[in-house]
>>> print(open('input_19.txt').read())   # compact mmCIF, C-alpha atoms
# COMPACT_ATOMS: atom_id res chain seq x y z
CA MET A 13 107.15 11.03 120.56
CA GLU A 14 106.62 14.28 118.69
CA ILE A 15 104.02 16.76 119.92
CA LYS A 16 102.87 20.02 118.36
CA VAL A 17 102.19 22.80 120.85
CA LEU A 18 100.06 25.83 119.95
CA PHE A 19 100.20 29.17 121.78
CA PHE A 20 97.27 31.58 121.69
CA GLY A 21 96.41 35.08 122.82
CA VAL A 22 98.84 36.61 125.24
CA LEU A 23 100.87 33.37 125.26
CA ALA A 24 101.67 33.77 121.56
CA GLU A 25 103.02 37.19 122.46
CA VAL A 26 104.99 35.91 125.48
CA THR A 27 106.56 33.04 123.51
CA GLY A 28 106.96 35.07 120.31
CA SER A 29 105.50 32.13 118.42
CA SER A 30 102.18 30.60 117.39
CA HIS A 31 103.47 27.01 117.67
CA LYS A 32 106.43 24.79 118.35
CA HIS A 33 107.20 21.12 117.69
CA TYR A 34 108.68 19.12 120.55
CA ARG A 35 110.49 15.85 119.89
CA ASN A 36 111.38 12.96 122.19
CA ILE A 37 108.61 13.79 124.63
CA GLU A 38 107.97 11.07 127.23
CA SER A 39 104.94 12.43 129.06
CA PHE A 40 102.78 15.49 129.57
CA ARG A 41 104.85 16.44 132.60
CA ASP A 42 107.98 16.19 130.49
CA LEU A 43 106.38 18.39 127.84
CA ARG A 44 105.30 21.01 130.37
CA LEU A 45 108.83 21.21 131.79
CA ARG A 46 110.29 21.59 128.30
CA ILE A 47 107.86 24.41 127.51
CA GLU A 48 108.66 26.17 130.80
CA ASP A 49 112.37 25.77 130.12
CA ASP A 50 111.97 27.41 126.73
CA PHE A 51 109.63 30.17 127.92
CA PRO A 52 110.13 30.79 131.67
CA GLU A 53 107.70 33.74 131.75
CA ILE A 54 104.83 31.41 130.87
CA VAL A 55 104.52 30.29 134.51
CA HIS A 56 103.16 33.74 135.37
CA TYR A 57 100.08 33.27 133.16
CA TYR A 58 96.88 31.31 133.71
CA TYR A 59 95.93 29.00 130.88
CA ARG A 60 93.96 25.83 130.18
CA ILE A 61 95.04 22.92 128.02
CA ALA A 62 93.31 21.36 125.03
CA VAL A 63 94.39 18.10 123.46
CA ASN A 64 93.27 17.74 119.84
CA ASN A 65 90.58 20.43 120.37
CA ASP A 66 89.24 18.99 123.64
CA LEU A 67 89.69 20.85 126.92
CA ILE A 68 91.19 18.64 129.61
CA ASN A 69 91.27 18.92 133.39
CA ASP A 70 93.86 16.32 134.32
CA ASP A 71 97.26 15.64 132.84
CA PRO A 72 96.59 13.64 129.66
CA VAL A 73 98.32 10.55 128.34
CA LEU A 74 99.95 11.80 125.16
CA LYS A 75 100.43 9.92 121.91
CA GLU A 76 102.49 10.56 118.82
CA GLY A 77 101.22 13.49 116.78
CA ASP A 78 98.94 14.99 119.42
CA GLU A 79 98.21 18.70 119.15
CA ILE A 80 98.39 20.49 122.49
CA ALA A 81 96.98 24.01 122.76
CA LEU A 82 97.71 26.44 125.60
CA LEU A 83 94.59 28.57 126.01
CA PRO A 84 94.49 31.79 128.07
CA PRO A 85 91.03 32.89 129.27
CA PHE A 86 88.65 33.36 126.34
CA ALA A 87 87.52 36.79 125.20
CA GLY A 88 85.20 36.43 122.24
CA GLY A 89 82.38 38.82 121.50
CA MET B 27 80.02 19.81 110.14
CA THR B 28 79.29 23.40 111.08
CA GLU B 29 80.46 26.00 108.60
CA ASP B 30 83.39 28.17 109.58
CA ILE B 31 81.90 31.09 111.50
CA LEU B 32 85.09 33.17 111.42
CA ILE B 33 85.30 36.19 109.12
CA ASN B 34 88.50 38.13 108.48
CA GLY B 35 88.04 41.73 109.60
CA PRO B 36 84.73 43.40 110.45
CA ILE B 37 81.32 41.90 109.68
CA THR B 38 80.06 44.28 107.04
CA GLN B 39 76.58 45.61 106.36
CA ALA B 40 76.63 43.60 103.10
CA VAL B 41 77.20 40.34 104.99
CA ILE B 42 74.50 41.16 107.54
CA SER B 43 72.08 42.18 104.77
CA SER B 44 72.67 38.91 102.92
CA ARG B 45 71.85 36.98 106.11
CA LEU B 46 68.69 38.99 106.68
CA ALA B 47 67.68 38.55 103.03
CA MET B 48 67.45 34.78 103.65
CA LEU B 49 64.80 35.16 106.31
CA GLY B 50 61.90 35.22 103.87
CA SER B 51 62.61 31.64 102.85
CA ARG B 52 62.16 30.45 106.45
CA LYS B 53 58.40 30.30 106.23
CA ASN B 54 58.09 28.02 109.26
CA SER B 55 59.47 30.80 111.47
CA GLY B 56 57.34 33.47 113.12
CA GLY B 57 60.15 35.47 114.66
CA HIS B 58 63.85 36.18 114.32
CA SER B 59 66.10 37.56 117.04
CA VAL B 60 69.41 39.23 116.20
CA PHE B 61 72.39 40.20 118.34
CA ILE B 62 75.05 42.45 116.83
CA GLY B 63 78.26 42.94 118.79
CA GLN B 64 80.29 46.07 118.12
CA VAL B 65 83.77 47.16 119.15
CA ARG B 66 83.28 49.76 121.84
CA GLU B 67 85.46 52.87 122.07
CA ASP B 68 86.36 52.19 125.70
CA ILE B 69 88.63 54.47 127.67
CA GLN B 70 91.10 52.85 130.08
CA ASP B 71 93.49 54.92 132.16
CA GLY B 72 92.95 57.83 129.80
CA ARG B 73 93.68 55.73 126.70
CA LYS B 74 90.99 55.35 124.04
CA VAL B 75 90.45 51.98 122.30
CA LYS B 76 90.82 52.41 118.53
CA ALA B 77 90.53 48.73 117.53
CA ILE B 78 90.46 45.13 118.70
CA GLU B 79 92.60 42.43 117.16
CA TYR B 80 90.86 39.06 117.50
CA SER B 81 92.64 35.72 117.22
CA ALA B 82 91.13 32.25 117.38
CA TYR B 83 91.86 28.53 117.58
CA ARG B 84 89.92 27.85 114.40
CA THR B 85 89.43 24.07 114.55
CA MET B 86 88.28 24.23 118.16
CA VAL B 87 85.97 27.16 117.38
CA ILE B 88 84.24 24.98 114.76
CA LYS B 89 83.87 22.10 117.22
CA GLU B 90 82.62 24.28 120.08
CA THR B 91 80.17 26.05 117.77
CA GLU B 92 78.69 22.67 116.86
CA ASN B 93 78.31 21.89 120.57
CA ILE B 94 76.65 25.25 121.28
CA ILE B 95 74.17 24.89 118.42
CA SER B 96 73.28 21.39 119.65
CA MET B 97 72.76 22.71 123.19
CA ILE B 98 70.51 25.52 121.94
CA GLN B 99 68.46 23.23 119.71
CA SER B 100 67.93 20.72 122.51
CA GLU B 101 66.96 23.39 125.07
CA PHE B 102 64.73 25.41 122.72
CA ASN B 103 62.72 22.98 120.59
CA ASP B 104 60.97 25.84 118.81
CA VAL B 105 64.23 27.11 117.27
CA LYS B 106 64.49 26.52 113.54
CA SER B 107 67.96 27.86 112.80
CA VAL B 108 71.04 29.35 114.43
CA ASP B 109 73.40 31.63 112.46
CA ILE B 110 76.67 32.77 114.01
CA LEU B 111 79.51 34.94 112.68
CA HIS B 112 82.58 36.23 114.54
CA SER B 113 85.49 38.34 113.39
CA VAL B 114 89.19 37.50 113.46
CA GLY B 115 91.90 40.08 112.79
CA ILE B 116 91.53 43.83 113.19
CA VAL B 117 88.10 45.39 113.86
CA MET B 118 88.00 49.15 114.39
CA ALA B 119 85.90 50.87 117.09
CA GLY B 120 82.34 51.20 115.81
CA GLU B 121 82.64 48.17 113.51
CA ILE B 122 80.80 44.87 113.96
CA SER B 123 82.65 41.83 115.34
CA MET B 124 79.84 39.39 116.20
CA PHE B 125 76.49 38.44 114.69
CA VAL B 126 73.93 35.97 116.03
CA LEU B 127 70.60 35.30 114.34
CA ILE B 128 68.03 32.90 115.74
CA SER B 129 64.84 31.93 113.90
CA ALA B 130 62.01 30.26 115.78
CA SER B 131 58.33 29.56 115.39
CA HIS B 132 57.50 32.08 118.12
CA ARG B 133 59.19 35.18 119.49
CA HIS B 134 59.85 34.13 123.09
CA GLN B 135 62.14 31.23 122.19
CA ALA B 136 63.84 33.29 119.47
CA ILE B 137 64.73 36.02 121.98
CA GLU B 138 65.72 33.67 124.83
CA ALA B 139 67.76 31.40 122.58
CA CYS B 140 69.58 34.38 121.07
CA SER B 141 70.56 35.64 124.51
CA LYS B 142 71.69 32.17 125.63
CA THR B 143 73.69 31.66 122.44
CA VAL B 144 75.59 34.92 122.92
CA GLU B 145 76.47 33.98 126.51
CA LEU B 146 77.67 30.51 125.47
CA LEU B 147 79.77 31.91 122.62
CA LYS B 148 81.52 34.33 124.96
CA GLU B 149 82.13 31.59 127.52
CA LYS B 150 83.16 28.68 125.30
CA LEU B 151 84.72 29.87 122.04
CA PRO B 152 88.54 29.91 122.06
CA ILE B 153 88.83 33.49 120.82
CA TRP B 154 91.10 36.18 122.22
CA LYS B 155 91.01 39.94 121.94
CA LYS B 156 93.83 42.43 122.07
CA GLU B 157 92.61 45.96 122.65
CA ILE B 158 94.70 48.46 120.72
CA PHE B 159 94.71 52.03 122.00
CA GLU B 160 95.14 55.27 120.10
CA ASP B 161 98.70 55.58 121.42
CA ASN B 162 99.39 52.09 119.93
CA THR B 163 99.82 50.43 123.32
CA HIS B 164 97.69 47.31 123.85
CA GLU B 165 96.12 45.07 126.48
CA TRP B 166 94.71 41.53 126.43
CA GLU B 167 91.10 41.32 127.58
CA GLN B 168 89.16 38.37 128.95
CA ASN B 169 85.50 37.54 129.52
CA PRO B 170 84.34 37.17 133.14
CA LEU B 171 83.24 33.51 132.82
CA ALA B 172 85.85 32.27 130.36
>>> encode(input="input_19.txt", output="C-alpha cells")
Amino acid sequence: MEIKVLFFGVLAEVTGSSHKHYRNIESFRDLRLRIEDDFPEIVHYYYRIAVNNDLINDDPVLKEGDEIALLPPFAGG
Amino acid sequence: MTEDILINGPITQAVISSRLAMLGSRKNSGGHSVFIGQVREDIQDGRKVKAIEYSAYRTMVIKETENIISMIQSEFNDVKSVDILHSVGIVMAGEISMFVLISASHRHQAIEACSKTVELLKEKLPIWKKEIFEDNTHEWEQNPLA
C-alpha cells in the first residue's frame, strides 16, 4: 500500500523534507524501517505518531492512503 | 467545524481590535478574559532571540482546537464563547503570536477558562517553534508538558 509520511518541526529539518510518499508498505514496522533507512539521524530524536490526525500509542494497522505524521514535542504559544 | 485559527505572521493590533469590537454584541456576557502571547527577546548562551518561526500541522490543529473548545465548554458551563488565534511563520520579538479571548456570564469562569485554554493549547496543539537568534543561528524549542 501507499502511505504519505509528514515530517514536522526539527524532523523536517533533519529529513530536509516536509513529506514523502512510501509505496509497497506492508506494515507500520515496515514503514518505520524504511523511514529510518532513508533518514538514519531520525533515531536520535523523540517524536510521537499521528495517523490521519489522531495521536496513537501503539503501532497502528495501516491502510491504503493513510497519512502518518511524525510529531516532535509541541511548542505552541 | 472550527474555523482555522492559524494566521500567517504576527497577530496585528488591527486583528485584535476587530475581535474586541465584537464584544458589544455578546450581551449575555458579563466578563471577557484575554490572553496575549508575545515573542520574548530571550537570551541564551549570550545569543539574543530576534524572532520565532512557527510551523504547524494545520488539519490536526483544527481538530485539536475543536476538542479543546469542547473540553472548556463542558468544564465551564458559564462560558459563552472561545476565540483562539495562533501565528505560523515568522514573528519578531515583541510581536504577538497567540490570542485567546473567553466570554462568560461572570468574571471567575472567564478568567479560569482563559487560563485553562492557554495551558491546553500549549500542551495539545501540534505547533513547533524555531527560535532564531541575532547571529542567525537557531534552536528548536519545546513546551514542558508537550
>>> closest_residue(input="input_19.txt", among="A:Ala87, A:Met13, A:Leu18, A:Val26", to="Ile54 of chain A", atoms="all atoms listed in the file")
A:Val26
>>> closest_residue(input="input_19.txt", among="B:Met86, B:Ile110, B:Leu146, B:Ile137", to="Met124 of chain B", atoms="only C-alpha atoms")
B:Ile110
>>> residues_near_point(input="input_19.txt", point="(112.4, 15.9, 120.0)", cutoff="10 Å", atoms="all atoms listed in the file", output="list in words")
Met13, Glu14, Ile15, His33, Tyr34, Arg35, Asn36, Ile37 and Glu38 of chain A
>>> interface_residues(input="input_19.txt", of="chain B", to="chain A", cutoff="6 Å", atoms="only C-alpha atoms", output="JSON, numbers by chain")
{"B": [86, 124, 148, 152, 153, 154, 155, 168, 169, 172]}
>>> residues_near_point(input="input_19.txt", point="(99.6, 29.0, 131.9)", cutoff="9 Å", atoms="only C-alpha atoms", output="ChimeraX atom specification")
/A:23,54-61,82-84
>>> write_last_selection(input="input_19.txt", atoms="C-alpha atoms", output="PDB file, in the coordinates of the input")
ATOM      1  CA  LEU A  23     100.870  33.370 125.260  1.00  0.00           C
ATOM      2  CA  ILE A  54     104.830  31.410 130.870  1.00  0.00           C
ATOM      3  CA  VAL A  55     104.520  30.290 134.510  1.00  0.00           C
ATOM      4  CA  HIS A  56     103.160  33.740 135.370  1.00  0.00           C
ATOM      5  CA  TYR A  57     100.080  33.270 133.160  1.00  0.00           C
ATOM      6  CA  TYR A  58      96.880  31.310 133.710  1.00  0.00           C
ATOM      7  CA  TYR A  59      95.930  29.000 130.880  1.00  0.00           C
ATOM      8  CA  ARG A  60      93.960  25.830 130.180  1.00  0.00           C
ATOM      9  CA  ILE A  61      95.040  22.920 128.020  1.00  0.00           C
ATOM     10  CA  LEU A  82      97.710  26.440 125.600  1.00  0.00           C
ATOM     11  CA  LEU A  83      94.590  28.570 126.010  1.00  0.00           C
ATOM     12  CA  PRO A  84      94.490  31.790 128.070  1.00  0.00           C
TER      13      PRO A  84
END
>>> residues_around(input="input_19.txt", residues="Leu49 of chain B", least_positions_apart="4", cutoff="10 Å", atoms="only C-alpha atoms", output="ChimeraX atom specification")
/B:44-45,53,55,57-58,127,129
>>> closest_residue(input="input_19.txt", among="B:Ile94, B:Ile37, B:Val117, B:Val87", to="Glu67 of chain B", atoms="only C-alpha atoms")
B:Val117
>>> closest_residue(input="input_19.txt", among="A:Glu25, A:Glu79, A:Val17, A:Asp71", to="Ile47 of chain A", atoms="all atoms listed in the file")
A:Val17
>>> atom_distance(input="input_19.txt", atom1="atom CA of Phe61 of chain B", atom2="atom CA of Thr85 of chain B")
23.8 Å
>>> atom_distance(input="input_19.txt", atom1="atom CA of Ile80 of chain A", atom2="atom CA of Val63 of chain A")
4.8 Å
>>> axis_aligned_box(input="input_19.txt", around="segment 76-86 of chain A", padding_each_side="3 Å", output="lines of an AutoDock Vina configuration file")
center_x = 95.6
center_y = 22.0
center_z = 123.0
size_x = 19.8
size_y = 28.8
size_z = 18.5
>>> decode(input="input_19.txt", residues="segment 17-54 of chain A", atoms="C-alpha atoms", output="PDB file, in the first residue's frame")
ATOM      1  CA  VAL A  17       4.501  10.492   5.748  1.00  0.00           C
ATOM      2  CA  LEU A  18       4.700  14.052   7.079  1.00  0.00           C
ATOM      3  CA  PHE A  19       7.701  15.476   8.951  1.00  0.00           C
ATOM      4  CA  PHE A  20       7.328  18.439  11.287  1.00  0.00           C
ATOM      5  CA  GLY A  21       9.493  20.752  13.352  1.00  0.00           C
ATOM      6  CA  VAL A  22      13.055  19.622  13.783  1.00  0.00           C
ATOM      7  CA  LEU A  23      12.283  16.427  11.832  1.00  0.00           C
ATOM      8  CA  ALA A  24      11.506  18.449   8.700  1.00  0.00           C
ATOM      9  CA  GLU A  25      14.950  19.968   9.111  1.00  0.00           C
ATOM     10  CA  VAL A  26      16.647  16.604   9.750  1.00  0.00           C
ATOM     11  CA  THR A  27      14.995  14.949   6.736  1.00  0.00           C
ATOM     12  CA  GLY A  28      15.219  18.047   4.539  1.00  0.00           C
ATOM     13  CA  SER A  29      11.600  17.471   3.574  1.00  0.00           C
ATOM     14  CA  SER A  30       8.060  18.175   4.735  1.00  0.00           C
ATOM     15  CA  HIS A  31       6.699  14.862   3.400  1.00  0.00           C
ATOM     16  CA  LYS A  32       7.459  11.703   1.500  1.00  0.00           C
ATOM     17  CA  HIS A  33       5.320   9.040  -0.182  1.00  0.00           C
ATOM     18  CA  TYR A  34       6.183   5.419   0.525  1.00  0.00           C
ATOM     19  CA  ARG A  35       4.965   2.655  -1.778  1.00  0.00           C
ATOM     20  CA  ASN A  36       4.644  -1.097  -1.254  1.00  0.00           C
ATOM     21  CA  ILE A  37       4.413  -0.740   2.506  1.00  0.00           C
ATOM     22  CA  GLU A  38       3.345  -3.937   4.295  1.00  0.00           C
ATOM     23  CA  SER A  39       3.034  -2.765   7.890  1.00  0.00           C
ATOM     24  CA  PHE A  40       3.825   0.054  10.274  1.00  0.00           C
ATOM     25  CA  ARG A  41       7.031  -1.700  11.279  1.00  0.00           C
ATOM     26  CA  ASP A  42       7.998  -1.936   7.628  1.00  0.00           C
ATOM     27  CA  LEU A  43       7.277   1.772   7.189  1.00  0.00           C
ATOM     28  CA  ARG A  44       9.324   2.747  10.241  1.00  0.00           C
ATOM     29  CA  LEU A  45      12.319   0.753   8.968  1.00  0.00           C
ATOM     30  CA  ARG A  46      12.040   2.385   5.546  1.00  0.00           C
ATOM     31  CA  ILE A  47      11.962   5.846   7.120  1.00  0.00           C
ATOM     32  CA  GLU A  48      14.975   5.039   9.316  1.00  0.00           C
ATOM     33  CA  ASP A  49      16.816   3.689   6.287  1.00  0.00           C
ATOM     34  CA  ASP A  50      16.200   6.923   4.411  1.00  0.00           C
ATOM     35  CA  PHE A  51      16.965   9.213   7.355  1.00  0.00           C
ATOM     36  CA  PRO A  52      19.252   7.426   9.847  1.00  0.00           C
ATOM     37  CA  GLU A  53      19.619  10.509  12.087  1.00  0.00           C
ATOM     38  CA  ILE A  54      15.911  10.370  12.907  1.00  0.00           C
TER      39      ILE A  54
END
